[in-house]
$ cat start_6.pdb   # PDB, N, CA and C atoms
MODEL        1
ATOM      1  N   MET A   1     -46.312  -8.644   4.726
ATOM      2  CA  MET A   1     -46.745  -8.227   3.400
ATOM      3  C   MET A   1     -46.265  -6.793   3.154
ATOM      4  N   PRO A   2     -45.608  -6.552   2.024
ATOM      5  CA  PRO A   2     -45.107  -5.210   1.741
ATOM      6  C   PRO A   2     -46.237  -4.210   1.514
ATOM      7  N   VAL A   3     -45.970  -2.982   1.884
ATOM      8  CA  VAL A   3     -46.925  -1.899   1.697
ATOM      9  C   VAL A   3     -46.731  -1.347   0.288
ATOM     10  N   GLU A   4     -47.828  -1.186  -0.445
ATOM     11  CA  GLU A   4     -47.772  -0.691  -1.821
ATOM     12  C   GLU A   4     -48.462   0.663  -1.919
ATOM     13  N   PRO A   5     -47.925   1.568  -2.739
ATOM     14  CA  PRO A   5     -48.609   2.845  -2.967
ATOM     15  C   PRO A   5     -49.978   2.614  -3.606
ATOM     16  N   LEU A   6     -50.937   3.454  -3.251
ATOM     17  CA  LEU A   6     -52.265   3.391  -3.855
ATOM     18  C   LEU A   6     -52.285   4.237  -5.119
ATOM     19  N   SER A   7     -53.122   3.846  -6.062
ATOM     20  CA  SER A   7     -53.301   4.637  -7.277
ATOM     21  C   SER A   7     -54.130   5.885  -6.948
ATOM     22  N   GLN A   8     -54.110   6.837  -7.838
ATOM     23  CA  GLN A   8     -54.903   8.058  -7.656
ATOM     24  C   GLN A   8     -56.379   7.704  -7.477
ATOM     25  N   LYS A   9     -56.893   6.779  -8.260
ATOM     26  CA  LYS A   9     -58.293   6.353  -8.176
ATOM     27  C   LYS A   9     -58.588   5.710  -6.817
ATOM     28  N   GLU A  10     -57.672   4.850  -6.350
ATOM     29  CA  GLU A  10     -57.865   4.212  -5.044
ATOM     30  C   GLU A  10     -57.884   5.260  -3.919
ATOM     31  N   ILE A  11     -57.017   6.250  -4.015
ATOM     32  CA  ILE A  11     -56.984   7.320  -3.017
ATOM     33  C   ILE A  11     -58.300   8.085  -3.038
ATOM     34  N   GLU A  12     -58.736   8.480  -4.226
ATOM     35  CA  GLU A  12     -59.990   9.228  -4.347
ATOM     36  C   GLU A  12     -61.166   8.427  -3.814
ATOM     37  N   ASP A  13     -61.226   7.133  -4.117
ATOM     38  CA  ASP A  13     -62.311   6.279  -3.626
ATOM     39  C   ASP A  13     -62.308   6.209  -2.103
ATOM     40  N   ARG A  14     -61.142   6.041  -1.501
ATOM     41  CA  ARG A  14     -61.058   5.941  -0.052
ATOM     42  C   ARG A  14     -61.397   7.273   0.624
ATOM     43  N   LEU A  15     -61.026   8.373  -0.016
ATOM     44  CA  LEU A  15     -61.333   9.685   0.567
ATOM     45  C   LEU A  15     -62.833   9.944   0.650
ATOM     46  N   THR A  16     -63.632   9.333  -0.248
ATOM     47  CA  THR A  16     -65.084   9.520  -0.174
ATOM     48  C   THR A  16     -65.658   8.925   1.113
ATOM     49  N   GLU A  17     -64.926   7.990   1.717
ATOM     50  CA  GLU A  17     -65.362   7.358   2.962
ATOM     51  C   GLU A  17     -64.920   8.145   4.198
ATOM     52  N   LEU A  18     -64.139   9.211   3.987
ATOM     53  CA  LEU A  18     -63.602   9.995   5.098
ATOM     54  C   LEU A  18     -63.901  11.477   4.891
ATOM     55  N   PRO A  19     -65.135  11.896   5.167
ATOM     56  CA  PRO A  19     -65.475  13.312   5.001
ATOM     57  C   PRO A  19     -64.521  14.201   5.787
ATOM     58  N   GLY A  20     -64.131  15.307   5.175
ATOM     59  CA  GLY A  20     -63.213  16.235   5.813
ATOM     60  C   GLY A  20     -61.761  15.993   5.453
ATOM     61  N   TRP A  21     -61.450  14.800   4.964
ATOM     62  CA  TRP A  21     -60.089  14.482   4.542
ATOM     63  C   TRP A  21     -59.932  14.818   3.065
ATOM     64  N   SER A  22     -58.717  15.221   2.679
ATOM     65  CA  SER A  22     -58.449  15.558   1.281
ATOM     66  C   SER A  22     -57.019  15.177   0.927
ATOM     67  N   LEU A  23     -56.750  15.170  -0.355
ATOM     68  CA  LEU A  23     -55.396  14.943  -0.840
ATOM     69  C   LEU A  23     -54.697  16.289  -0.889
ATOM     70  N   ASP A  24     -53.553  16.377  -0.241
ATOM     71  CA  ASP A  24     -52.764  17.610  -0.195
ATOM     72  C   ASP A  24     -51.380  17.263  -0.729
ATOM     73  N   GLY A  25     -51.188  17.434  -2.031
ATOM     74  CA  GLY A  25     -49.933  17.022  -2.660
ATOM     75  C   GLY A  25     -49.827  15.519  -2.654
ATOM     76  N   ASP A  26     -48.821  15.000  -1.950
ATOM     77  CA  ASP A  26     -48.617  13.552  -1.885
ATOM     78  C   ASP A  26     -49.056  12.974  -0.539
ATOM     79  N   ARG A  27     -49.961  13.669   0.143
ATOM     80  CA  ARG A  27     -50.405  13.240   1.480
ATOM     81  C   ARG A  27     -51.916  13.385   1.596
ATOM     82  N   ILE A  28     -52.488  12.648   2.543
ATOM     83  CA  ILE A  28     -53.871  12.918   2.907
ATOM     84  C   ILE A  28     -53.838  13.803   4.146
ATOM     85  N   ALA A  29     -54.826  14.688   4.254
ATOM     86  CA  ALA A  29     -54.778  15.704   5.306
ATOM     87  C   ALA A  29     -56.158  16.013   5.856
ATOM     88  N   ARG A  30     -56.147  16.471   7.107
ATOM     89  CA  ARG A  30     -57.386  16.922   7.752
ATOM     90  C   ARG A  30     -57.032  17.818   8.920
ATOM     91  N   SER A  31     -57.871  18.805   9.164
ATOM     92  CA  SER A  31     -57.772  19.652  10.351
ATOM     93  C   SER A  31     -59.065  19.534  11.142
ATOM     94  N   TYR A  32     -58.928  19.589  12.446
ATOM     95  CA  TYR A  32     -60.067  19.530  13.358
ATOM     96  C   TYR A  32     -60.059  20.781  14.224
ATOM     97  N   ARG A  33     -61.242  21.302  14.521
ATOM     98  CA  ARG A  33     -61.379  22.409  15.464
ATOM     99  C   ARG A  33     -61.996  21.828  16.741
ATOM    100  N   LEU A  34     -61.438  22.236  17.868
ATOM    101  CA  LEU A  34     -61.905  21.754  19.158
ATOM    102  C   LEU A  34     -62.340  22.916  20.021
ATOM    103  N   GLY A  35     -62.903  22.623  21.174
ATOM    104  CA  GLY A  35     -63.464  23.654  22.030
ATOM    105  C   GLY A  35     -62.468  24.462  22.833
ATOM    106  N   SER A  36     -61.256  23.948  22.969
ATOM    107  CA  SER A  36     -60.255  24.662  23.771
ATOM    108  C   SER A  36     -58.865  24.141  23.418
ATOM    109  N   HIS A  37     -57.874  24.853  23.930
ATOM    110  CA  HIS A  37     -56.493  24.401  23.731
ATOM    111  C   HIS A  37     -56.259  23.081  24.459
ATOM    112  N   PHE A  38     -56.809  22.955  25.647
ATOM    113  CA  PHE A  38     -56.634  21.716  26.407
ATOM    114  C   PHE A  38     -57.239  20.520  25.653
ATOM    115  N   ALA A  39     -58.424  20.700  25.073
ATOM    116  CA  ALA A  39     -59.061  19.616  24.313
ATOM    117  C   ALA A  39     -58.211  19.242  23.100
ATOM    118  N   ALA A  40     -57.661  20.228  22.421
ATOM    119  CA  ALA A  40     -56.806  19.962  21.265
ATOM    120  C   ALA A  40     -55.549  19.205  21.691
ATOM    121  N   THR A  41     -54.973  19.605  22.812
ATOM    122  CA  THR A  41     -53.775  18.939  23.320
ATOM    123  C   THR A  41     -54.068  17.486  23.679
ATOM    124  N   ALA A  42     -55.198  17.248  24.313
ATOM    125  CA  ALA A  42     -55.592  15.878  24.669
ATOM    126  C   ALA A  42     -55.768  15.024  23.410
ATOM    127  N   MET A  43     -56.337  15.607  22.372
ATOM    128  CA  MET A  43     -56.511  14.857  21.125
ATOM    129  C   MET A  43     -55.152  14.526  20.500
ATOM    130  N   VAL A  44     -54.217  15.452  20.550
ATOM    131  CA  VAL A  44     -52.874  15.185  20.022
ATOM    132  C   VAL A  44     -52.244  13.996  20.747
ATOM    133  N   VAL A  45     -52.380  13.957  22.064
ATOM    134  CA  VAL A  45     -51.814  12.850  22.827
ATOM    135  C   VAL A  45     -52.490  11.536  22.430
ATOM    136  N   HIS A  46     -53.790  11.550  22.248
ATOM    137  CA  HIS A  46     -54.521  10.351  21.850
ATOM    138  C   HIS A  46     -54.085   9.891  20.458
ATOM    139  N   ILE A  47     -53.918  10.824  19.530
ATOM    140  CA  ILE A  47     -53.440  10.479  18.188
ATOM    141  C   ILE A  47     -52.038   9.883  18.266
ATOM    142  N   ALA A  48     -51.170  10.483  19.073
ATOM    143  CA  ALA A  48     -49.808   9.965  19.218
ATOM    144  C   ALA A  48     -49.818   8.529  19.739
ATOM    145  N   GLN A  49     -50.704   8.246  20.677
ATOM    146  CA  GLN A  49     -50.835   6.883  21.193
ATOM    147  C   GLN A  49     -51.274   5.927  20.086
ATOM    148  N   THR A  50     -52.226   6.348  19.277
ATOM    149  CA  THR A  50     -52.702   5.531  18.165
ATOM    150  C   THR A  50     -51.585   5.292  17.152
ATOM    151  N   GLN A  51     -50.802   6.326  16.880
ATOM    152  CA  GLN A  51     -49.683   6.177  15.951
ATOM    153  C   GLN A  51     -48.683   5.147  16.470
ATOM    154  N   GLU A  52     -48.423   5.171  17.759
ATOM    155  CA  GLU A  52     -47.516   4.180  18.341
ATOM    156  C   GLU A  52     -48.073   2.773  18.193
ATOM    157  N   GLU A  53     -49.384   2.607  18.454
ATOM    158  CA  GLU A  53     -50.011   1.291  18.323
ATOM    159  C   GLU A  53     -49.891   0.756  16.899
ATOM    160  N   LEU A  54     -50.059   1.637  15.918
ATOM    161  CA  LEU A  54     -49.994   1.232  14.516
ATOM    162  C   LEU A  54     -48.565   1.221  13.974
ATOM    163  N   ASP A  55     -47.624   1.766  14.722
ATOM    164  CA  ASP A  55     -46.250   1.976  14.258
ATOM    165  C   ASP A  55     -46.261   2.712  12.922
ATOM    166  N   HIS A  56     -47.083   3.768  12.896
ATOM    167  CA  HIS A  56     -47.215   4.589  11.689
ATOM    168  C   HIS A  56     -47.489   6.015  12.143
ATOM    169  N   HIS A  57     -46.594   6.919  11.801
ATOM    170  CA  HIS A  57     -46.628   8.272  12.343
ATOM    171  C   HIS A  57     -46.868   9.304  11.256
ATOM    172  N   SER A  58     -47.601  10.336  11.617
ATOM    173  CA  SER A  58     -47.929  11.415  10.682
ATOM    174  C   SER A  58     -47.274  12.710  11.142
ATOM    175  N   ASP A  59     -47.370  13.719  10.300
ATOM    176  CA  ASP A  59     -47.055  15.070  10.747
ATOM    177  C   ASP A  59     -48.298  15.554  11.477
ATOM    178  N   LEU A  60     -48.122  15.994  12.687
ATOM    179  CA  LEU A  60     -49.218  16.339  13.580
ATOM    180  C   LEU A  60     -48.943  17.735  14.127
ATOM    181  N   THR A  61     -49.892  18.656  13.925
ATOM    182  CA  THR A  61     -49.692  20.043  14.326
ATOM    183  C   THR A  61     -50.783  20.460  15.307
ATOM    184  N   LEU A  62     -50.342  21.037  16.422
ATOM    185  CA  LEU A  62     -51.248  21.551  17.435
ATOM    186  C   LEU A  62     -51.301  23.063  17.313
ATOM    187  N   GLY A  63     -52.502  23.589  17.123
ATOM    188  CA  GLY A  63     -52.731  25.028  17.179
ATOM    189  C   GLY A  63     -53.457  25.345  18.469
ATOM    190  N   TYR A  64     -53.889  26.578  18.645
ATOM    191  CA  TYR A  64     -54.585  26.948  19.883
ATOM    192  C   TYR A  64     -55.767  26.023  20.145
ATOM    193  N   ASP A  65     -56.668  25.901  19.189
ATOM    194  CA  ASP A  65     -57.825  25.016  19.337
ATOM    195  C   ASP A  65     -58.012  24.151  18.097
ATOM    196  N   THR A  66     -56.907  23.854  17.422
ATOM    197  CA  THR A  66     -56.952  23.021  16.224
ATOM    198  C   THR A  66     -55.891  21.928  16.275
ATOM    199  N   VAL A  67     -56.192  20.851  15.574
ATOM    200  CA  VAL A  67     -55.248  19.756  15.367
ATOM    201  C   VAL A  67     -55.263  19.460  13.876
ATOM    202  N   SER A  68     -54.086  19.403  13.265
ATOM    203  CA  SER A  68     -53.974  19.113  11.835
ATOM    204  C   SER A  68     -53.026  17.937  11.628
ATOM    205  N   LEU A  69     -53.385  17.092  10.671
ATOM    206  CA  LEU A  69     -52.550  15.946  10.329
ATOM    207  C   LEU A  69     -52.307  15.926   8.831
ATOM    208  N   THR A  70     -51.119  15.523   8.445
ATOM    209  CA  THR A  70     -50.838  15.146   7.064
ATOM    210  C   THR A  70     -50.149  13.796   7.141
ATOM    211  N   ILE A  71     -50.611  12.866   6.314
ATOM    212  CA  ILE A  71     -50.160  11.482   6.430
ATOM    213  C   ILE A  71     -49.702  10.962   5.070
ATOM    214  N   HIS A  72     -48.540  10.315   5.075
ATOM    215  CA  HIS A  72     -48.082   9.525   3.933
ATOM    216  C   HIS A  72     -47.112   8.484   4.481
ATOM    217  N   THR A  73     -46.662   7.587   3.624
ATOM    218  CA  THR A  73     -45.817   6.481   4.069
ATOM    219  C   THR A  73     -44.392   6.680   3.576
ATOM    220  N   HIS A  74     -43.486   6.950   4.491
ATOM    221  CA  HIS A  74     -42.085   7.210   4.154
ATOM    222  C   HIS A  74     -41.421   6.013   3.473
ATOM    223  N   SER A  75     -41.768   4.799   3.903
ATOM    224  CA  SER A  75     -41.069   3.608   3.405
ATOM    225  C   SER A  75     -41.340   3.302   1.939
ATOM    226  N   VAL A  76     -42.318   3.968   1.335
ATOM    227  CA  VAL A  76     -42.579   3.784  -0.104
ATOM    228  C   VAL A  76     -42.375   5.111  -0.841
ATOM    229  N   GLY A  77     -41.422   5.884  -0.370
ATOM    230  CA  GLY A  77     -41.077   7.121  -1.053
ATOM    231  C   GLY A  77     -42.054   8.256  -0.830
ATOM    232  N   GLY A  78     -42.817   8.203   0.253
ATOM    233  CA  GLY A  78     -43.746   9.284   0.551
ATOM    234  C   GLY A  78     -45.078   9.179  -0.156
ATOM    235  N   ALA A  79     -45.394   8.016  -0.698
ATOM    236  CA  ALA A  79     -46.690   7.811  -1.356
ATOM    237  C   ALA A  79     -47.768   7.533  -0.319
ATOM    238  N   VAL A  80     -49.018   7.582  -0.749
ATOM    239  CA  VAL A  80     -50.156   7.262   0.113
ATOM    240  C   VAL A  80     -50.433   5.760  -0.008
ATOM    241  N   THR A  81     -50.613   5.111   1.147
ATOM    242  CA  THR A  81     -50.864   3.672   1.187
ATOM    243  C   THR A  81     -52.083   3.377   2.069
ATOM    244  N   GLU A  82     -52.446   2.121   2.119
ATOM    245  CA  GLU A  82     -53.545   1.701   2.982
ATOM    246  C   GLU A  82     -53.232   1.993   4.444
ATOM    247  N   LYS A  83     -51.961   1.955   4.842
ATOM    248  CA  LYS A  83     -51.584   2.282   6.225
ATOM    249  C   LYS A  83     -52.021   3.698   6.586
ATOM    250  N   ASP A  84     -51.931   4.604   5.631
ATOM    251  CA  ASP A  84     -52.331   5.990   5.885
ATOM    252  C   ASP A  84     -53.830   6.081   6.143
ATOM    253  N   PHE A  85     -54.587   5.331   5.356
ATOM    254  CA  PHE A  85     -56.037   5.356   5.543
ATOM    255  C   PHE A  85     -56.447   4.657   6.835
ATOM    256  N   GLU A  86     -55.714   3.650   7.247
ATOM    257  CA  GLU A  86     -56.007   3.013   8.536
ATOM    258  C   GLU A  86     -55.805   4.019   9.665
ATOM    259  N   LEU A  87     -54.720   4.773   9.625
ATOM    260  CA  LEU A  87     -54.492   5.797  10.642
ATOM    261  C   LEU A  87     -55.585   6.860  10.580
ATOM    262  N   ALA A  88     -55.951   7.302   9.396
ATOM    263  CA  ALA A  88     -56.999   8.322   9.249
ATOM    264  C   ALA A  88     -58.329   7.814   9.818
ATOM    265  N   ARG A  89     -58.678   6.568   9.540
ATOM    266  CA  ARG A  89     -59.922   6.000  10.077
ATOM    267  C   ARG A  89     -59.880   5.950  11.608
ATOM    268  N   ARG A  90     -58.746   5.596  12.167
ATOM    269  CA  ARG A  90     -58.622   5.535  13.626
ATOM    270  C   ARG A  90     -58.750   6.932  14.237
ATOM    271  N   VAL A  91     -58.158   7.938  13.579
ATOM    272  CA  VAL A  91     -58.276   9.308  14.081
ATOM    273  C   VAL A  91     -59.727   9.764  13.998
ATOM    274  N   GLU A  92     -60.395   9.451  12.897
ATOM    275  CA  GLU A  92     -61.811   9.806  12.757
ATOM    276  C   GLU A  92     -62.640   9.179  13.874
ATOM    277  N   ALA A  93     -62.315   7.963  14.259
ATOM    278  CA  ALA A  93     -63.077   7.273  15.303
ATOM    279  C   ALA A  93     -62.863   7.909  16.677
ATOM    280  N   LEU A  94     -61.678   8.443  16.928
ATOM    281  CA  LEU A  94     -61.418   9.013  18.255
ATOM    282  C   LEU A  94     -61.801  10.488  18.341
ATOM    283  N   ALA A  95     -61.900  11.174  17.210
ATOM    284  CA  ALA A  95     -62.161  12.631  17.202
ATOM    285  C   ALA A  95     -63.444  13.039  17.933
ATOM    286  N   PRO A  96     -64.576  12.347  17.727
ATOM    287  CA  PRO A  96     -65.806  12.783  18.414
ATOM    288  C   PRO A  96     -65.679  12.755  19.942
ATOM    289  N   GLY A  97     -64.904  11.849  20.484
ATOM    290  CA  GLY A  97     -64.707  11.764  21.924
ATOM    291  C   GLY A  97     -63.984  12.982  22.496
ATOM    292  N   HIS A  98     -63.338  13.724  21.621
ATOM    293  CA  HIS A  98     -62.632  14.950  22.036
ATOM    294  C   HIS A  98     -63.425  16.207  21.677
ATOM    295  N   GLY A  99     -64.612  16.007  21.101
ATOM    296  CA  GLY A  99     -65.433  17.143  20.700
ATOM    297  C   GLY A  99     -64.939  17.822  19.430
ATOM    298  N   ALA A 100     -64.159  17.079  18.630
ATOM    299  CA  ALA A 100     -63.583  17.651  17.413
ATOM    300  C   ALA A 100     -64.621  17.752  16.310
ATOM    301  N   GLY A 101     -64.558  18.850  15.582
ATOM    302  CA  GLY A 101     -65.470  19.046  14.472
ATOM    303  C   GLY A 101     -64.770  19.542  13.257
TER     304      GLY A 101
ENDMDL
END

$ encode --input "start_6.pdb" --output "structure tokens"
Amino acid sequence: MPVEPLSQKEIEDRLTELPGWSLDGDRIARSYRLGSHFAATAMVVHIAQTQEELDHHSDLTLGYDTVSLTIHTHSVGGAVTEKDFELARRVEALAPGHGAG
């Protein structure tokens, strides 16, 4: 089934289900603060594994004790799709295990 861009309303509705996530231009985005650089690095590796499982990759940035993601779907011209929200939901589910806030 082809991936379709979401409307602005659909994006806004889905974002209400993901506290901390926001629309940043043509992407959804979130930053997490962790307890240490090692914890942030471990979370990046876990996110990368999840991206491989979904075959959907985001821009992922590691700071000293932060992890930031911006997600959109390249195959539909950089629009936001349901695939982006699936990745965001998976990241939200794994974040507490890393102590991310």

$ residues_around --input "start_6.pdb" --residues "Ala79 in chain A" --least-positions-apart "2" --cutoff "8 Å" --atoms "only C-alpha atoms" --output "ChimeraX atom specification"
/A:5-6,26-27,72-74,76-77,81

$ select_by_dssp --input "start_6.pdb" --residues "chain A" --states "strand (DSSP E)" --output "list in words"
Ser22, Leu23, Asp24, Arg27, Ile28, Ala29, Arg30, Ser31, Tyr32, Arg33, Asp59, Leu60, Thr61, Leu62, Thr66, Val67, Ser68, Leu69, Thr70 and Ile71 of chain A

$ atom_distance --input "start_6.pdb" --atom1 "atom C of Leu23 in chain A" --atom2 "atom C of Ser7 in chain A"
12.1 Å

$ select_by_dssp --input "start_6.pdb" --residues "chain A" --states "alpha helix (DSSP H)" --output "PyMOL selection string"
chain A and resi 8-15+37-54+82-94

$ residues_around --input "start_6.pdb" --residues "range 39-41 of chain A" --least-positions-apart "2" --cutoff "8 Å" --atoms "only N, CA and C atoms" --output "PyMOL selection string"
chain A and resi 32-37+43-47+62-67+98-100

$ residues_around --input "start_6.pdb" --residues "Ala48 in chain A" --least-positions-apart "5" --cutoff "8 Å" --atoms "all atoms listed in the file" --output "number ranges by chain"
A: 42-43, 53-54, 57-58

$ write_last_selection --input "start_6.pdb" --atoms "N, CA and C atoms" --output "compact mmCIF listing (two decimals), in the coordinates of the input"
# COMPACT_ATOMS: atom_id res chain seq x y z
N ALA A 42 -55.20 17.25 24.31
CA ALA A 42 -55.59 15.88 24.67
C ALA A 42 -55.77 15.02 23.41
N MET A 43 -56.34 15.61 22.37
CA MET A 43 -56.51 14.86 21.12
C MET A 43 -55.15 14.53 20.50
N GLU A 53 -49.38 2.61 18.45
CA GLU A 53 -50.01 1.29 18.32
C GLU A 53 -49.89 0.76 16.90
N LEU A 54 -50.06 1.64 15.92
CA LEU A 54 -49.99 1.23 14.52
C LEU A 54 -48.56 1.22 13.97
N HIS A 57 -46.59 6.92 11.80
CA HIS A 57 -46.63 8.27 12.34
C HIS A 57 -46.87 9.30 11.26
N SER A 58 -47.60 10.34 11.62
CA SER A 58 -47.93 11.42 10.68
C SER A 58 -47.27 12.71 11.14

$ closest_residue --input "start_6.pdb" --among "A:Glu92, A:Glu82, A:His56, A:Gly101" --to "Leu18 in chain A" --atoms "only N, CA and C atoms"
A:Glu92

$ atom_distance --input "start_6.pdb" --atom1 "atom N of Thr61 in chain A" --atom2 "atom C of Asp13 in chain A"
23.8 Å

$ atom_distance --input "start_6.pdb" --atom1 "CA of Ile11 in chain A" --atom2 "CA of Val80 in chain A"
7.5 Å

$ residues_near_point --input "start_6.pdb" --point "(-67.7, 9.4, 7.3)" --cutoff "12 Å" --atoms "only C-alpha atoms" --output "list in words"
Arg14, Leu15, Thr16, Glu17, Leu18, Pro19, Gly20, Trp21, Ala88, Arg89, Arg90, Val91, Glu92, Ala93, Ala95 and Pro96 of chain A

$ resolve_selection --input "start_6.pdb" --expression "the PyMOL selection byres (((chain A and resi 69 and name CA) around 7) and name CA)" --output "list of chain:residue names"
A:Ala29, A:Arg30, A:Ser31, A:Ser58, A:Asp59, A:Leu60, A:Thr61, A:Val67, A:Ser68, A:Thr70, A:Ile71

$ build_atoms --input "start_6.pdb" --residues "range 13-21 of chain A" --atoms "all heavy atoms" --output "short mmCIF file (atom, residue, chain, number, x, y, z; two decimals), in the frame of the given file"
data_model
loop_
_atom_site.label_atom_id
_atom_site.label_comp_id
_atom_site.auth_asym_id
_atom_site.auth_seq_id
_atom_site.Cartn_x
_atom_site.Cartn_y
_atom_site.Cartn_z
N ASP A 13 -61.23 7.13 -4.12
CA ASP A 13 -62.31 6.28 -3.63
C ASP A 13 -62.31 6.21 -2.10
O ASP A 13 -63.36 6.32 -1.47
CB ASP A 13 -62.20 4.87 -4.20
CG ASP A 13 -62.54 4.80 -5.68
OD1 ASP A 13 -63.09 5.79 -6.23
OD2 ASP A 13 -62.24 3.76 -6.30
N ARG A 14 -61.14 6.04 -1.50
CA ARG A 14 -61.06 5.94 -0.05
C ARG A 14 -61.40 7.27 0.62
O ARG A 14 -61.96 7.30 1.71
CB ARG A 14 -59.67 5.45 0.36
CG ARG A 14 -59.51 3.94 0.16
CD ARG A 14 -58.07 3.53 0.34
NE ARG A 14 -57.87 2.08 0.26
CZ ARG A 14 -57.89 1.36 -0.84
NH1 ARG A 14 -58.13 1.93 -2.01
NH2 ARG A 14 -57.68 0.06 -0.80
N LEU A 15 -61.03 8.37 -0.02
CA LEU A 15 -61.33 9.68 0.57
C LEU A 15 -62.83 9.94 0.65
O LEU A 15 -63.28 10.67 1.54
CB LEU A 15 -60.65 10.81 -0.22
CG LEU A 15 -59.16 10.97 0.04
CD1 LEU A 15 -58.55 11.96 -0.94
CD2 LEU A 15 -58.88 11.39 1.48
N THR A 16 -63.63 9.33 -0.25
CA THR A 16 -65.08 9.52 -0.17
C THR A 16 -65.66 8.93 1.11
O THR A 16 -66.72 9.32 1.55
CB THR A 16 -65.81 8.91 -1.39
OG1 THR A 16 -65.62 7.49 -1.39
CG2 THR A 16 -65.32 9.51 -2.69
N GLU A 17 -64.93 7.99 1.72
CA GLU A 17 -65.36 7.36 2.96
C GLU A 17 -64.92 8.14 4.20
O GLU A 17 -65.27 7.77 5.31
CB GLU A 17 -64.80 5.93 3.03
CG GLU A 17 -65.23 5.06 1.88
CD GLU A 17 -64.42 3.77 1.79
OE1 GLU A 17 -63.59 3.50 2.69
OE2 GLU A 17 -64.62 3.04 0.82
N LEU A 18 -64.14 9.21 3.99
CA LEU A 18 -63.60 9.99 5.10
C LEU A 18 -63.90 11.48 4.89
O LEU A 18 -63.04 12.25 4.48
CB LEU A 18 -62.09 9.79 5.22
CG LEU A 18 -61.62 8.42 5.67
CD1 LEU A 18 -60.12 8.27 5.48
CD2 LEU A 18 -61.99 8.19 7.13
N PRO A 19 -65.14 11.90 5.17
CA PRO A 19 -65.47 13.31 5.00
C PRO A 19 -64.52 14.20 5.79
O PRO A 19 -64.14 13.88 6.91
CB PRO A 19 -66.89 13.41 5.55
CG PRO A 19 -67.44 12.02 5.47
CD PRO A 19 -66.25 11.11 5.67
N GLY A 20 -64.13 15.31 5.18
CA GLY A 20 -63.21 16.24 5.81
C GLY A 20 -61.76 15.99 5.45
O GLY A 20 -60.93 16.87 5.62
N TRP A 21 -61.45 14.80 4.96
CA TRP A 21 -60.09 14.48 4.54
C TRP A 21 -59.93 14.82 3.06
O TRP A 21 -60.87 14.71 2.29
CB TRP A 21 -59.79 13.00 4.77
CG TRP A 21 -59.60 12.67 6.21
CD1 TRP A 21 -60.58 12.40 7.11
CD2 TRP A 21 -58.36 12.60 6.91
NE1 TRP A 21 -60.03 12.18 8.35
CE2 TRP A 21 -58.67 12.27 8.24
CE3 TRP A 21 -57.03 12.76 6.54
CZ2 TRP A 21 -57.68 12.12 9.21
CZ3 TRP A 21 -56.04 12.60 7.51
CH2 TRP A 21 -56.37 12.29 8.81
#
